[in-house]
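Below: one structure, written as structure tokens.
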Amino acid sequence: MLETVVQVELSQRQRPRDSRPGEVAAALTALAFAESDGAATDAYHRFLFAVGNDHCGSYFPIVLDAVPYLGEILAAGTPRVRARTLDVLIDLVGSFGPDAEIESQDEFRPGDLPMLLKASVENLRPIIESLTEGTAAPDVQALAKDLLGCLGDQR
């Protein structure tokens, strides 16, 4: 899991101004391999700060490069890690928005970012749907259903 996560650091997409080099990959790794509930919660916040501002509920375009790695974590993580990863995705898709400091880039305008993010998370639908079934932990099942609701699936 996350064998190529350092590739996310090569992205030219905008990230928070105060983001340290390597922080997105480090935050994803911390989330994927958290060994306690406290560590998973810390990694959840660390990731949201790596791609945006957790306090303000905002994100930067770098989040688009991180979503596939969040999918890897959902597919192979422990129940606690899956739960916090689902929390990340629910926050990003359900209540966060583009940061006010985002600059227009050639690929898209800042106003396009929520749609692009939702489409990127939509690509994870098969994994998310698999987490709504009986083999997943009950909290993971509930969170997966919540995320599907954020994506527009009203089950």
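Residue numbering restarts at 1 for every chain of the structure tokens, chains are lettered A, B, ... in their displayed order, and ligands are numbered from 1 as they appear.
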Find the residues around Val67 in chain A up to 12 Å (only C-alpha atoms counted), leave out those fewer than 4 positions away in its own chain, and share them as a PDB file with C-alpha atoms, in the first residue's frame.
ATOM      1  CA  LEU A   2       1.177   3.504  -0.937  1.00  0.00           C
ATOM      2  CA  VAL A   5       2.957   7.952  -2.541  1.00  0.00           C
ATOM      3  CA  VAL A   8       2.239  13.126  -5.011  1.00  0.00           C
ATOM      4  CA  VAL A  24       1.259  15.395   1.784  1.00  0.00           C
ATOM      5  CA  ALA A  25       3.018  12.059   1.358  1.00  0.00           C
ATOM      6  CA  LEU A  28      -0.987   9.982   3.823  1.00  0.00           C
ATOM      7  CA  PHE A  47      -3.799  15.196   6.208  1.00  0.00           C
ATOM      8  CA  LEU A  48      -6.482  17.899   6.126  1.00  0.00           C
ATOM      9  CA  VAL A  51      -3.995  19.654   1.590  1.00  0.00           C
ATOM     10  CA  PRO A  61      -5.850  21.617  -5.776  1.00  0.00           C
ATOM     11  CA  ILE A  62      -3.172  19.207  -4.456  1.00  0.00           C
ATOM     12  CA  VAL A  63      -6.066  17.276  -2.905  1.00  0.00           C
ATOM     13  CA  GLY A  71      -8.576   4.964  -2.157  1.00  0.00           C
ATOM     14  CA  GLU A  72      -5.617   2.664  -1.533  1.00  0.00           C
ATOM     15  CA  ILE A  73      -6.008   3.228   2.191  1.00  0.00           C
ATOM     16  CA  LEU A  74      -9.729   2.415   2.003  1.00  0.00           C
ATOM     17  CA  THR A  85     -10.065   8.044   5.791  1.00  0.00           C
ATOM     18  CA  LEU A  86     -13.820   8.012   5.243  1.00  0.00           C
ATOM     19  CA  VAL A  88     -11.495  12.817   5.536  1.00  0.00           C
ATOM     20  CA  LEU A  89     -13.474  12.181   2.359  1.00  0.00           C
ATOM     21  CA  LEU A  92     -13.742  17.172   1.786  1.00  0.00           C
ATOM     22  CA  VAL A  93     -16.829  16.345  -0.294  1.00  0.00           C
ATOM     23  CA  LEU A 116     -13.337  17.836  -9.883  1.00  0.00           C
ATOM     24  CA  LEU A 117     -12.894  16.619  -6.316  1.00  0.00           C
ATOM     25  CA  LYS A 118     -16.299  14.961  -6.270  1.00  0.00           C
ATOM     26  CA  ALA A 119     -15.535  13.253  -9.607  1.00  0.00           C
ATOM     27  CA  SER A 120     -12.209  12.029  -8.254  1.00  0.00           C
ATOM     28  CA  VAL A 121     -13.867  10.581  -5.140  1.00  0.00           C
ATOM     29  CA  GLU A 122     -16.603   9.111  -7.348  1.00  0.00           C
ATOM     30  CA  ASN A 123     -13.859   6.983  -8.957  1.00  0.00           C
ATOM     31  CA  LEU A 124     -13.515   5.282  -5.558  1.00  0.00           C
TER      32      LEU A 124
END
Neighbouring residues of range 18-23 of chain A were defined as those with any atom within 8 Å, considering only C-alpha atoms; residues of the same chain fewer than 4 positions away were excluded. Please report them as JSON, numbers by chain. {"A": [6, 9, 27, 50]}
Filtering to N, CA and C atoms, could you give me those residues as a PDB file, in the first residue's frame?
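Printed below is result-v9.pdb as written:
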ATOM      1  N   VAL A   6       5.186   8.956  -2.745  1.00  0.00           N
ATOM      2  CA  VAL A   6       6.093  10.101  -2.890  1.00  0.00           C
ATOM      3  C   VAL A   6       5.856  10.844  -4.201  1.00  0.00           C
ATOM      4  N   GLU A   9       4.234  14.316  -4.308  1.00  0.00           N
ATOM      5  CA  GLU A   9       5.044  15.508  -4.044  1.00  0.00           C
ATOM      6  C   GLU A   9       5.592  16.137  -5.325  1.00  0.00           C
ATOM      7  N   ALA A  27       1.701  12.770   5.468  1.00  0.00           N
ATOM      8  CA  ALA A  27       0.377  12.716   6.095  1.00  0.00           C
ATOM      9  C   ALA A  27      -0.409  11.495   5.623  1.00  0.00           C
ATOM     10  N   ALA A  50      -2.424  19.230   5.454  1.00  0.00           N
ATOM     11  CA  ALA A  50      -1.457  19.079   4.364  1.00  0.00           C
ATOM     12  C   ALA A  50      -2.043  19.501   3.019  1.00  0.00           C
TER      13      ALA A  50
END
Could you list, as a compact mmCIF listing (two decimals) with C-alpha atoms, in the first residue's frame, every residue within 9 Å of Gly94 in chain A, counting only C-alpha atoms and ignoring same-chain residues fewer than 5 positions away?
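Produced file result-v7.txt, reproduced below:
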# COMPACT_ATOMS: atom_id res chain seq x y z
CA LEU A 89 -13.47 12.18 2.36
CA LEU A 147 -19.93 9.26 2.00
CA GLY A 149 -24.83 10.15 0.46
CA CYS A 150 -22.41 13.05 -0.03
CA LEU A 151 -21.75 11.76 -3.53
Please return as a ChimeraX atom specification: the residues of chain A that backbone DSSP assigns to strand (DSSP E). /A:52-53,58-59,97-98
Please measure the separation of CA of Gly52 in chain A and CA of Leu113 in chain A, giving the value in Å to one decimal. 12.8 Å
Å distance separating CA of Phe49 in chain A from CA of Asp139 in chain A, one decimal place: 24.1 Å
With only C-alpha atoms as the basis for distance, which of A:Pro138, A:Thr4, A:Glu133, A:Arg80 is at the shortest distance from Pro68 in chain A? A:Thr4
